[in-house]
file run10.txt (compact mmCIF, N, CA and C atoms)
# COMPACT_ATOMS: atom_id res chain seq x y z
N MET M 1029 85.04 84.92 111.29
CA MET M 1029 84.35 85.62 110.22
C MET M 1029 83.59 84.59 109.40
N THR M 1030 82.34 84.84 109.09
CA THR M 1030 81.54 83.89 108.32
C THR M 1030 81.85 84.04 106.84
N ASP M 1031 81.40 83.05 106.06
CA ASP M 1031 81.64 83.10 104.62
C ASP M 1031 81.01 84.33 104.00
N ILE M 1032 79.82 84.70 104.45
CA ILE M 1032 79.13 85.87 103.89
C ILE M 1032 79.89 87.14 104.22
N GLN M 1033 80.44 87.26 105.42
CA GLN M 1033 81.21 88.44 105.78
C GLN M 1033 82.45 88.54 104.90
N GLU M 1034 83.09 87.41 104.61
CA GLU M 1034 84.28 87.43 103.77
C GLU M 1034 83.93 87.87 102.35
N VAL M 1035 82.77 87.45 101.85
CA VAL M 1035 82.34 87.82 100.51
C VAL M 1035 82.18 89.33 100.38
N LEU M 1036 81.70 89.96 101.43
CA LEU M 1036 81.44 91.40 101.39
C LEU M 1036 82.68 92.22 101.70
N GLU M 1037 83.80 91.59 101.88
CA GLU M 1037 85.04 92.25 102.25
C GLU M 1037 85.54 93.18 101.15
N GLU M 1038 86.03 94.33 101.54
CA GLU M 1038 86.59 95.29 100.60
C GLU M 1038 88.05 94.96 100.32
N PHE M 1039 88.56 95.49 99.22
CA PHE M 1039 89.97 95.34 98.88
C PHE M 1039 90.81 95.99 99.97
N SER M 1040 91.76 95.27 100.52
CA SER M 1040 92.60 95.78 101.60
C SER M 1040 93.95 96.24 101.05
N VAL M 1041 94.12 97.55 100.98
CA VAL M 1041 95.39 98.10 100.52
C VAL M 1041 96.51 97.73 101.50
N GLU M 1042 96.21 97.76 102.79
CA GLU M 1042 97.22 97.48 103.80
C GLU M 1042 97.76 96.06 103.69
N ASP M 1043 96.86 95.08 103.58
CA ASP M 1043 97.29 93.69 103.45
C ASP M 1043 98.05 93.47 102.15
N THR M 1044 97.57 94.07 101.09
CA THR M 1044 98.21 93.93 99.79
C THR M 1044 99.61 94.55 99.82
N GLU M 1045 99.73 95.71 100.43
CA GLU M 1045 101.03 96.38 100.54
C GLU M 1045 102.03 95.52 101.30
N THR M 1046 101.60 94.89 102.38
CA THR M 1046 102.46 94.02 103.16
C THR M 1046 102.98 92.86 102.30
N VAL M 1047 102.08 92.25 101.53
CA VAL M 1047 102.47 91.13 100.66
C VAL M 1047 103.46 91.59 99.61
N ILE M 1048 103.22 92.75 99.00
CA ILE M 1048 104.07 93.24 97.92
C ILE M 1048 105.45 93.61 98.45
N LYS M 1049 105.50 94.28 99.59
CA LYS M 1049 106.80 94.64 100.17
C LYS M 1049 107.62 93.39 100.47
N SER M 1050 106.96 92.35 100.96
CA SER M 1050 107.64 91.10 101.23
C SER M 1050 108.16 90.47 99.94
N ALA M 1051 107.35 90.49 98.89
CA ALA M 1051 107.75 89.91 97.60
C ALA M 1051 108.96 90.65 97.03
N ILE M 1052 108.92 91.97 97.07
CA ILE M 1052 110.05 92.76 96.57
C ILE M 1052 111.29 92.47 97.39
N GLY M 1053 111.16 92.49 98.71
CA GLY M 1053 112.29 92.25 99.59
C GLY M 1053 112.93 90.88 99.38
N SER M 1054 112.09 89.88 99.15
CA SER M 1054 112.63 88.52 98.98
C SER M 1054 113.42 88.38 97.69
N VAL M 1055 113.16 89.24 96.71
CA VAL M 1055 113.83 89.14 95.41
C VAL M 1055 114.97 90.14 95.27
N LEU M 1056 114.76 91.37 95.72
CA LEU M 1056 115.72 92.43 95.42
C LEU M 1056 116.66 92.84 96.56
N THR M 1057 116.48 92.29 97.75
CA THR M 1057 117.37 92.65 98.84
C THR M 1057 118.82 92.37 98.43
N ASP M 1058 119.67 93.33 98.61
CA ASP M 1058 121.11 93.25 98.29
C ASP M 1058 121.41 93.07 96.80
N ALA M 1059 120.44 93.33 95.93
CA ALA M 1059 120.67 93.20 94.48
C ALA M 1059 121.14 94.52 93.90
N ASP M 1060 122.05 94.45 92.94
CA ASP M 1060 122.47 95.61 92.16
C ASP M 1060 121.87 95.46 90.76
N TYR M 1061 121.54 96.60 90.16
CA TYR M 1061 120.91 96.59 88.85
C TYR M 1061 121.77 95.85 87.83
N LYS M 1062 121.17 94.86 87.18
CA LYS M 1062 121.82 94.11 86.09
C LYS M 1062 120.75 93.86 85.03
N PRO M 1063 120.91 94.46 83.85
CA PRO M 1063 119.89 94.31 82.81
C PRO M 1063 119.55 92.84 82.50
N ALA M 1064 120.51 91.96 82.57
CA ALA M 1064 120.28 90.55 82.25
C ALA M 1064 119.37 89.87 83.27
N LYS M 1065 119.22 90.44 84.46
CA LYS M 1065 118.42 89.83 85.53
C LYS M 1065 117.00 90.38 85.61
N ILE M 1066 116.69 91.43 84.87
CA ILE M 1066 115.40 92.13 85.00
C ILE M 1066 114.21 91.20 84.79
N ASN M 1067 114.22 90.39 83.74
CA ASN M 1067 113.08 89.49 83.49
C ASN M 1067 112.91 88.49 84.62
N ASP M 1068 114.01 87.91 85.08
CA ASP M 1068 113.94 86.95 86.19
C ASP M 1068 113.41 87.62 87.45
N TRP M 1069 113.92 88.80 87.77
CA TRP M 1069 113.46 89.51 88.97
C TRP M 1069 111.98 89.85 88.86
N SER M 1070 111.55 90.36 87.71
CA SER M 1070 110.14 90.71 87.52
C SER M 1070 109.24 89.49 87.71
N ASN M 1071 109.60 88.39 87.06
CA ASN M 1071 108.80 87.18 87.18
C ASN M 1071 108.78 86.65 88.62
N SER M 1072 109.91 86.74 89.31
CA SER M 1072 109.97 86.27 90.70
C SER M 1072 109.12 87.14 91.62
N ILE M 1073 109.14 88.46 91.41
CA ILE M 1073 108.31 89.36 92.23
C ILE M 1073 106.84 89.06 92.00
N ILE M 1074 106.45 88.90 90.74
CA ILE M 1074 105.05 88.62 90.42
C ILE M 1074 104.63 87.29 91.03
N SER M 1075 105.45 86.28 90.90
CA SER M 1075 105.13 84.96 91.44
C SER M 1075 104.97 85.00 92.96
N ALA M 1076 105.93 85.64 93.65
CA ALA M 1076 105.85 85.74 95.11
C ALA M 1076 104.63 86.55 95.54
N ALA M 1077 104.33 87.62 94.80
CA ALA M 1077 103.18 88.46 95.13
C ALA M 1077 101.87 87.69 94.94
N LEU M 1078 101.74 86.98 93.83
CA LEU M 1078 100.51 86.21 93.60
C LEU M 1078 100.33 85.12 94.65
N ASN M 1079 101.41 84.44 95.00
CA ASN M 1079 101.32 83.42 96.06
C ASN M 1079 100.88 84.03 97.38
N GLY M 1080 101.45 85.18 97.72
CA GLY M 1080 101.07 85.86 98.96
C GLY M 1080 99.63 86.33 98.94
N LEU M 1081 99.19 86.88 97.82
CA LEU M 1081 97.81 87.36 97.71
C LEU M 1081 96.82 86.20 97.76
N GLN M 1082 97.16 85.09 97.12
CA GLN M 1082 96.28 83.92 97.17
C GLN M 1082 96.15 83.38 98.58
N SER M 1083 97.22 83.49 99.37
CA SER M 1083 97.17 82.99 100.75
C SER M 1083 96.25 83.82 101.64
N LEU M 1084 95.88 85.02 101.19
CA LEU M 1084 94.93 85.85 101.95
C LEU M 1084 93.51 85.30 101.86
N ASN M 1085 93.27 84.42 100.89
CA ASN M 1085 91.95 83.80 100.69
C ASN M 1085 90.83 84.83 100.57
N ARG M 1086 91.04 85.81 99.73
CA ARG M 1086 90.03 86.84 99.48
C ARG M 1086 89.40 86.59 98.12
N PRO M 1087 88.14 86.98 97.94
CA PRO M 1087 87.45 86.73 96.66
C PRO M 1087 87.83 87.77 95.60
N TYR M 1088 89.09 87.72 95.16
CA TYR M 1088 89.59 88.69 94.19
C TYR M 1088 90.39 88.01 93.10
N LYS M 1089 90.37 88.64 91.93
CA LYS M 1089 91.30 88.33 90.85
C LYS M 1089 92.31 89.47 90.87
N TYR M 1090 93.56 89.13 90.59
CA TYR M 1090 94.62 90.13 90.66
C TYR M 1090 95.36 90.25 89.34
N ALA M 1091 95.74 91.47 89.02
CA ALA M 1091 96.65 91.75 87.91
C ALA M 1091 97.80 92.54 88.52
N ILE M 1092 99.02 92.17 88.17
CA ILE M 1092 100.20 92.80 88.77
C ILE M 1092 101.12 93.29 87.67
N THR M 1093 101.61 94.52 87.84
CA THR M 1093 102.65 95.04 86.94
C THR M 1093 103.89 95.34 87.77
N VAL M 1094 105.05 95.16 87.15
CA VAL M 1094 106.33 95.46 87.80
C VAL M 1094 107.15 96.32 86.85
N ILE M 1095 107.66 97.41 87.38
CA ILE M 1095 108.59 98.26 86.63
C ILE M 1095 109.90 98.24 87.40
N LEU M 1096 110.97 97.83 86.72
CA LEU M 1096 112.32 97.88 87.28
C LEU M 1096 113.14 98.81 86.39
N MET M 1097 113.78 99.78 87.01
CA MET M 1097 114.48 100.80 86.24
C MET M 1097 115.80 101.14 86.91
N GLN M 1098 116.83 101.25 86.11
CA GLN M 1098 118.13 101.63 86.65
C GLN M 1098 118.05 103.04 87.22
N LYS M 1099 118.68 103.23 88.36
CA LYS M 1099 118.69 104.55 89.00
C LYS M 1099 119.83 105.34 88.35
N ASN M 1100 119.43 106.25 87.44
CA ASN M 1100 120.43 107.05 86.73
C ASN M 1100 119.98 108.50 86.56
N GLY M 1101 118.96 108.90 87.28
CA GLY M 1101 118.50 110.27 87.19
C GLY M 1101 117.39 110.51 86.18
N ALA M 1102 117.05 109.52 85.40
CA ALA M 1102 115.98 109.67 84.41
C ALA M 1102 114.62 109.69 85.11
N GLY M 1103 113.68 110.36 84.52
CA GLY M 1103 112.34 110.43 85.08
C GLY M 1103 111.48 109.28 84.61
N LEU M 1104 110.41 109.03 85.36
CA LEU M 1104 109.45 108.00 84.99
C LEU M 1104 108.07 108.49 85.39
N VAL M 1105 107.14 108.44 84.47
CA VAL M 1105 105.76 108.79 84.75
C VAL M 1105 104.91 107.58 84.43
N SER M 1106 104.04 107.22 85.35
CA SER M 1106 103.17 106.08 85.15
C SER M 1106 101.76 106.50 85.54
N ALA M 1107 100.78 106.07 84.77
CA ALA M 1107 99.38 106.41 85.06
C ALA M 1107 98.51 105.20 84.83
N ALA M 1108 97.38 105.15 85.51
CA ALA M 1108 96.43 104.06 85.34
C ALA M 1108 95.02 104.62 85.41
N SER M 1109 94.13 103.98 84.69
CA SER M 1109 92.73 104.35 84.73
C SER M 1109 91.94 103.07 84.89
N THR M 1110 90.92 103.10 85.73
CA THR M 1110 90.13 101.89 85.96
C THR M 1110 88.64 102.21 85.84
N TYR M 1111 87.90 101.20 85.46
CA TYR M 1111 86.44 101.30 85.43
C TYR M 1111 85.94 100.07 86.16
N TRP M 1112 85.60 100.25 87.44
CA TRP M 1112 85.21 99.12 88.27
C TRP M 1112 84.34 99.57 89.41
N ASP M 1113 83.99 98.66 90.27
CA ASP M 1113 83.18 98.97 91.45
C ASP M 1113 84.11 99.48 92.55
N ALA M 1114 84.15 100.79 92.71
CA ALA M 1114 85.08 101.41 93.66
C ALA M 1114 84.81 101.01 95.11
N SER M 1115 83.63 100.49 95.41
CA SER M 1115 83.34 100.08 96.78
C SER M 1115 83.97 98.74 97.13
N ARG M 1116 84.36 97.94 96.11
CA ARG M 1116 84.94 96.62 96.40
C ARG M 1116 86.29 96.40 95.74
N ASP M 1117 86.51 96.96 94.57
CA ASP M 1117 87.75 96.75 93.84
C ASP M 1117 88.77 97.81 94.27
N GLY M 1118 90.03 97.56 93.99
CA GLY M 1118 91.03 98.55 94.37
C GLY M 1118 92.38 98.27 93.76
N LEU M 1119 93.30 99.19 94.02
CA LEU M 1119 94.67 99.00 93.57
C LEU M 1119 95.62 99.43 94.67
N CYS M 1120 96.81 98.89 94.59
CA CYS M 1120 97.85 99.21 95.56
C CYS M 1120 99.16 99.36 94.79
N LYS M 1121 99.84 100.47 95.02
CA LYS M 1121 101.12 100.71 94.36
C LYS M 1121 102.20 100.79 95.43
N VAL M 1122 103.28 100.03 95.24
CA VAL M 1122 104.39 100.04 96.19
C VAL M 1122 105.64 100.45 95.42
N MET M 1123 106.32 101.47 95.94
CA MET M 1123 107.57 101.93 95.33
C MET M 1123 108.72 101.54 96.26
N TRP M 1124 109.81 101.06 95.65
CA TRP M 1124 110.97 100.59 96.39
C TRP M 1124 112.20 101.02 95.62
N GLU M 1125 113.26 101.30 96.34
CA GLU M 1125 114.51 101.64 95.65
C GLU M 1125 115.70 101.28 96.51
N ASN M 1126 116.82 101.09 95.84
CA ASN M 1126 118.09 100.96 96.53
C ASN M 1126 119.08 101.88 95.82
N GLY M 1127 120.35 101.67 95.99
CA GLY M 1127 121.33 102.57 95.39
C GLY M 1127 121.45 102.48 93.89
N THR M 1128 120.95 101.39 93.28
CA THR M 1128 121.15 101.20 91.84
C THR M 1128 119.87 101.09 91.02
N MET M 1129 118.71 100.92 91.67
CA MET M 1129 117.48 100.76 90.88
C MET M 1129 116.23 101.21 91.62
N HIS M 1130 115.20 101.45 90.81
CA HIS M 1130 113.85 101.74 91.30
C HIS M 1130 112.97 100.55 90.94
N CYS M 1131 111.99 100.27 91.80
CA CYS M 1131 111.01 99.23 91.52
C CYS M 1131 109.63 99.77 91.87
N VAL M 1132 108.70 99.63 90.95
CA VAL M 1132 107.32 100.03 91.19
C VAL M 1132 106.43 98.82 90.88
N VAL M 1133 105.69 98.37 91.89
CA VAL M 1133 104.78 97.24 91.71
C VAL M 1133 103.37 97.75 91.92
N THR M 1134 102.48 97.46 90.98
CA THR M 1134 101.08 97.84 91.09
C THR M 1134 100.23 96.59 91.05
N VAL M 1135 99.32 96.49 92.01
CA VAL M 1135 98.39 95.36 92.07
C VAL M 1135 96.98 95.91 91.87
N TYR M 1136 96.26 95.33 90.92
CA TYR M 1136 94.87 95.65 90.69
C TYR M 1136 94.05 94.47 91.20
N GLY M 1137 93.14 94.73 92.12
CA GLY M 1137 92.30 93.66 92.65
C GLY M 1137 90.84 93.90 92.29
N THR M 1138 90.25 92.94 91.59
CA THR M 1138 88.84 93.04 91.22
C THR M 1138 88.06 91.92 91.89
N SER M 1139 86.99 92.29 92.52
CA SER M 1139 86.16 91.33 93.25
C SER M 1139 85.51 90.35 92.30
N VAL M 1140 85.46 89.09 92.71
CA VAL M 1140 84.79 88.08 91.89
C VAL M 1140 83.34 87.92 92.30
N ASN M 1141 82.88 88.73 93.24
CA ASN M 1141 81.48 88.71 93.66
C ASN M 1141 80.61 89.23 92.52
N ILE M 1142 79.40 88.69 92.45
CA ILE M 1142 78.46 89.10 91.41
C ILE M 1142 77.25 89.72 92.09
N GLU M 1143 76.83 90.87 91.60
CA GLU M 1143 75.63 91.51 92.14
C GLU M 1143 74.45 91.17 91.24
N THR M 1144 73.33 90.80 91.86
CA THR M 1144 72.11 90.56 91.10
C THR M 1144 71.36 91.87 90.96
N LYS M 1145 70.25 91.84 90.26
CA LYS M 1145 69.46 93.05 90.10
C LYS M 1145 68.92 93.56 91.43
N ASP M 1146 68.76 92.68 92.42
CA ASP M 1146 68.26 93.08 93.73
C ASP M 1146 69.39 93.49 94.67
N ASP M 1147 70.60 93.71 94.13
CA ASP M 1147 71.78 94.09 94.89
C ASP M 1147 72.21 93.02 95.89
N GLU M 1148 71.81 91.78 95.66
CA GLU M 1148 72.31 90.70 96.49
C GLU M 1148 73.70 90.35 95.99
N LYS M 1149 74.60 90.08 96.90
CA LYS M 1149 75.95 89.73 96.51
C LYS M 1149 76.11 88.22 96.60
N LEU M 1150 76.52 87.63 95.49
CA LEU M 1150 76.67 86.20 95.40
C LEU M 1150 78.11 85.84 95.13
N ASP M 1151 78.53 84.69 95.58
CA ASP M 1151 79.87 84.20 95.30
C ASP M 1151 79.77 82.71 95.04
N VAL M 1152 80.44 82.23 94.05
CA VAL M 1152 80.36 80.83 93.68
C VAL M 1152 80.79 79.95 94.84
N ALA M 1153 81.85 80.34 95.56
CA ALA M 1153 82.34 79.52 96.68
C ALA M 1153 81.30 79.44 97.79
N VAL M 1154 80.58 80.52 98.06
CA VAL M 1154 79.58 80.53 99.12
C VAL M 1154 78.37 79.72 98.71
N ALA M 1155 78.01 79.74 97.44
CA ALA M 1155 76.84 79.02 96.96
C ALA M 1155 76.99 77.52 97.23
N GLY M 1156 78.20 77.00 97.15
CA GLY M 1156 78.42 75.59 97.38
C GLY M 1156 78.84 75.27 98.79
N ALA M 1157 78.95 76.26 99.67
CA ALA M 1157 79.46 76.06 101.02
C ALA M 1157 78.53 75.23 101.89
N GLY M 1158 77.22 75.27 101.64
CA GLY M 1158 76.27 74.56 102.48
C GLY M 1158 76.10 73.10 102.11
N SER M 1159 76.69 72.67 101.01
CA SER M 1159 76.51 71.28 100.55
C SER M 1159 77.28 70.31 101.40

call {"tool": "encode", "arguments": {"input": "run10.txt", "output": "structure tokens"}}
result
Amino acid sequence: MTDIQEVLEEFSVEDTETVIKSAIGSVLTDADYKPAKINDWSNSIISAALNGLQSLNRPYKYAITVILMQKNGAGLVSAASTYWDASRDGLCKVMWENGTMHCVVTVYGTSVNIETKDDEKLDVAVAGAGS
């Protein structure tokens, strides 16, 4: 794949989902809900997810949210609204649970590509690639 083809790449929900499931699994496998561990688990999931997403080498900035909740029958409603370029930007939500907790991870990916007035797509990394 050439640099220009990579620049025009759309947000991949499938690749992002794979990374997020791996991040959750690496942190929460065999874990039981413990309120004292929530911050550590959240930070570890975010860190593993960001490392995995960066390894994809895609021209995106990412924002990640993690919700960890004890499984006790309580309801949870979550909503998001975005204002972005739907042809390139995207989000991926992964829900996971075990016997004691629920986990919801949402990744927002925004393209770092810049469109000019002539609809040319530019990327800082590509601009310096020929040097």

call {"tool": "select_by_dssp", "arguments": {"input": "run10.txt", "residues": "stretch 1060-1147 of chain M", "states": "helix (DSSP H, G or I)", "output": "NGL selection string"}}
result
:M and (1063-1083)

call {"tool": "write_last_selection", "arguments": {"input": "run10.txt", "atoms": "N, CA and C atoms", "output": "PDB file, keeping the file's coordinate frame"}}
result
ATOM      1  N   PRO M1063     120.910  94.460  83.850  1.00  0.00           N
ATOM      2  CA  PRO M1063     119.890  94.310  82.810  1.00  0.00           C
ATOM      3  C   PRO M1063     119.550  92.840  82.500  1.00  0.00           C
ATOM      4  N   ALA M1064     120.510  91.960  82.570  1.00  0.00           N
ATOM      5  CA  ALA M1064     120.280  90.550  82.250  1.00  0.00           C
ATOM      6  C   ALA M1064     119.370  89.870  83.270  1.00  0.00           C
ATOM      7  N   LYS M1065     119.220  90.440  84.460  1.00  0.00           N
ATOM      8  CA  LYS M1065     118.420  89.830  85.530  1.00  0.00           C
ATOM      9  C   LYS M1065     117.000  90.380  85.610  1.00  0.00           C
ATOM     10  N   ILE M1066     116.690  91.430  84.870  1.00  0.00           N
ATOM     11  CA  ILE M1066     115.400  92.130  85.000  1.00  0.00           C
ATOM     12  C   ILE M1066     114.210  91.200  84.790  1.00  0.00           C
ATOM     13  N   ASN M1067     114.220  90.390  83.740  1.00  0.00           N
ATOM     14  CA  ASN M1067     113.080  89.490  83.490  1.00  0.00           C
ATOM     15  C   ASN M1067     112.910  88.490  84.620  1.00  0.00           C
ATOM     16  N   ASP M1068     114.010  87.910  85.080  1.00  0.00           N
ATOM     17  CA  ASP M1068     113.940  86.950  86.190  1.00  0.00           C
ATOM     18  C   ASP M1068     113.410  87.620  87.450  1.00  0.00           C
ATOM     19  N   TRP M1069     113.920  88.800  87.770  1.00  0.00           N
ATOM     20  CA  TRP M1069     113.460  89.510  88.970  1.00  0.00           C
ATOM     21  C   TRP M1069     111.980  89.850  88.860  1.00  0.00           C
ATOM     22  N   SER M1070     111.550  90.360  87.710  1.00  0.00           N
ATOM     23  CA  SER M1070     110.140  90.710  87.520  1.00  0.00           C
ATOM     24  C   SER M1070     109.240  89.490  87.710  1.00  0.00           C
ATOM     25  N   ASN M1071     109.600  88.390  87.060  1.00  0.00           N
ATOM     26  CA  ASN M1071     108.800  87.180  87.180  1.00  0.00           C
ATOM     27  C   ASN M1071     108.780  86.650  88.620  1.00  0.00           C
ATOM     28  N   SER M1072     109.910  86.740  89.310  1.00  0.00           N
ATOM     29  CA  SER M1072     109.970  86.270  90.700  1.00  0.00           C
ATOM     30  C   SER M1072     109.120  87.140  91.620  1.00  0.00           C
ATOM     31  N   ILE M1073     109.140  88.460  91.410  1.00  0.00           N
ATOM     32  CA  ILE M1073     108.310  89.360  92.230  1.00  0.00           C
ATOM     33  C   ILE M1073     106.840  89.060  92.000  1.00  0.00           C
ATOM     34  N   ILE M1074     106.450  88.900  90.740  1.00  0.00           N
ATOM     35  CA  ILE M1074     105.050  88.620  90.420  1.00  0.00           C
ATOM     36  C   ILE M1074     104.630  87.290  91.030  1.00  0.00           C
ATOM     37  N   SER M1075     105.450  86.280  90.900  1.00  0.00           N
ATOM     38  CA  SER M1075     105.130  84.960  91.440  1.00  0.00           C
ATOM     39  C   SER M1075     104.970  85.000  92.960  1.00  0.00           C
ATOM     40  N   ALA M1076     105.930  85.640  93.650  1.00  0.00           N
ATOM     41  CA  ALA M1076     105.850  85.740  95.110  1.00  0.00           C
ATOM     42  C   ALA M1076     104.630  86.550  95.540  1.00  0.00           C
ATOM     43  N   ALA M1077     104.330  87.620  94.800  1.00  0.00           N
ATOM     44  CA  ALA M1077     103.180  88.460  95.130  1.00  0.00           C
ATOM     45  C   ALA M1077     101.870  87.690  94.940  1.00  0.00           C
ATOM     46  N   LEU M1078     101.740  86.980  93.830  1.00  0.00           N
ATOM     47  CA  LEU M1078     100.510  86.210  93.600  1.00  0.00           C
ATOM     48  C   LEU M1078     100.330  85.120  94.650  1.00  0.00           C
ATOM     49  N   ASN M1079     101.410  84.440  95.000  1.00  0.00           N
ATOM     50  CA  ASN M1079     101.320  83.420  96.060  1.00  0.00           C
ATOM     51  C   ASN M1079     100.880  84.030  97.380  1.00  0.00           C
ATOM     52  N   GLY M1080     101.450  85.180  97.720  1.00  0.00           N
ATOM     53  CA  GLY M1080     101.070  85.860  98.960  1.00  0.00           C
ATOM     54  C   GLY M1080      99.630  86.330  98.940  1.00  0.00           C
ATOM     55  N   LEU M1081      99.190  86.880  97.820  1.00  0.00           N
ATOM     56  CA  LEU M1081      97.810  87.360  97.710  1.00  0.00           C
ATOM     57  C   LEU M1081      96.820  86.200  97.760  1.00  0.00           C
ATOM     58  N   GLN M1082      97.160  85.090  97.120  1.00  0.00           N
ATOM     59  CA  GLN M1082      96.280  83.920  97.170  1.00  0.00           C
ATOM     60  C   GLN M1082      96.150  83.380  98.580  1.00  0.00           C
ATOM     61  N   SER M1083      97.220  83.490  99.370  1.00  0.00           N
ATOM     62  CA  SER M1083      97.170  82.990 100.750  1.00  0.00           C
ATOM     63  C   SER M1083      96.250  83.820 101.640  1.00  0.00           C
TER      64      SER M1083
END

call {"tool": "residues_around", "arguments": {"input": "run10.txt", "residues": "stretch 1046-1059 of chain M", "least_positions_apart": "4", "cutoff": "7 Å", "atoms": "only C-alpha atoms", "output": "number ranges by chain"}}
result
M: 1042, 1069, 1072-1073, 1076-1077, 1080-1081

call {"tool": "residues_around", "arguments": {"input": "run10.txt", "residues": "stretch 1120-1133 of chain M", "least_positions_apart": "5", "cutoff": "8 Å", "atoms": "only N, CA and C atoms", "output": "count of residues only"}}
result
21

call {"tool": "select_by_dssp", "arguments": {"input": "run10.txt", "residues": "stretch 1039-1102 of chain M", "states": "strand (DSSP E or B)", "output": "PyMOL selection string"}}
result
chain M and resi 1088-1098

call {"tool": "axis_aligned_box", "arguments": {"input": "run10.txt", "around": "stretch 1077-1083 of chain M", "padding_each_side": "3 Å", "output": "lines of an AutoDock Vina configuration file"}}
result
center_x = 100.2
center_y = 85.7
center_z = 97.6
size_x = 14.2
size_y = 11.5
size_z = 14.0

call {"tool": "atom_distance", "arguments": {"input": "run10.txt", "atom1": "atom C of M:Asn1085", "atom2": "atom C of M:Ala1107"}}
result
26.9 Å

call {"tool": "residues_around", "arguments": {"input": "run10.txt", "residues": "M:Glu1037", "least_positions_apart": "5", "cutoff": "8 Å", "atoms": "all atoms listed in the file", "output": "list of chain:residue names"}}
result
M:Ile1032, M:Arg1086, M:Pro1087, M:Ser1115, M:Arg1116, M:Asp1117

call {"tool": "atom_distance", "arguments": {"input": "run10.txt", "atom1": "atom C of M:Ala1108", "atom2": "atom C of M:Lys1089"}}
result
16.3 Å

call {"tool": "residues_around", "arguments": {"input": "run10.txt", "residues": "M:Gly1137", "least_positions_apart": "2", "cutoff": "6 Å", "atoms": "all atoms listed in the file", "output": "mmCIF file with N, CA and C atoms, keeping the file's coordinate frame"}}
result
data_model
loop_
_atom_site.group_PDB
_atom_site.id
_atom_site.type_symbol
_atom_site.label_atom_id
_atom_site.label_comp_id
_atom_site.auth_asym_id
_atom_site.auth_seq_id
_atom_site.Cartn_x
_atom_site.Cartn_y
_atom_site.Cartn_z
ATOM 1 N N TYR M 1088 89.090 87.720 95.160
ATOM 2 C CA TYR M 1088 89.590 88.690 94.190
ATOM 3 C C TYR M 1088 90.390 88.010 93.100
ATOM 4 N N LYS M 1089 90.370 88.640 91.930
ATOM 5 C CA LYS M 1089 91.300 88.330 90.850
ATOM 6 C C LYS M 1089 92.310 89.470 90.870
ATOM 7 N N TYR M 1090 93.560 89.130 90.590
ATOM 8 C CA TYR M 1090 94.620 90.130 90.660
ATOM 9 C C TYR M 1090 95.360 90.250 89.340
ATOM 10 N N ALA M 1091 95.740 91.470 89.020
ATOM 11 C CA ALA M 1091 96.650 91.750 87.910
ATOM 12 C C ALA M 1091 97.800 92.540 88.520
ATOM 13 N N ASP M 1117 86.510 96.960 94.570
ATOM 14 C CA ASP M 1117 87.750 96.750 93.840
ATOM 15 C C ASP M 1117 88.770 97.810 94.270
ATOM 16 N N GLY M 1118 90.030 97.560 93.990
ATOM 17 C CA GLY M 1118 91.030 98.550 94.370
ATOM 18 C C GLY M 1118 92.380 98.270 93.760
ATOM 19 N N LEU M 1119 93.300 99.190 94.020
ATOM 20 C CA LEU M 1119 94.670 99.000 93.570
ATOM 21 C C LEU M 1119 95.620 99.430 94.670
ATOM 22 N N VAL M 1135 99.320 96.490 92.010
ATOM 23 C CA VAL M 1135 98.390 95.360 92.070
ATOM 24 C C VAL M 1135 96.980 95.910 91.870
ATOM 25 N N SER M 1139 86.990 92.290 92.520
ATOM 26 C CA SER M 1139 86.160 91.330 93.250
ATOM 27 C C SER M 1139 85.510 90.350 92.300
#

call {"tool": "atom_distance", "arguments": {"input": "run10.txt", "atom1": "atom C of M:Asn1067", "atom2": "atom CA of M:Asp1043"}}
result
25.0 Å
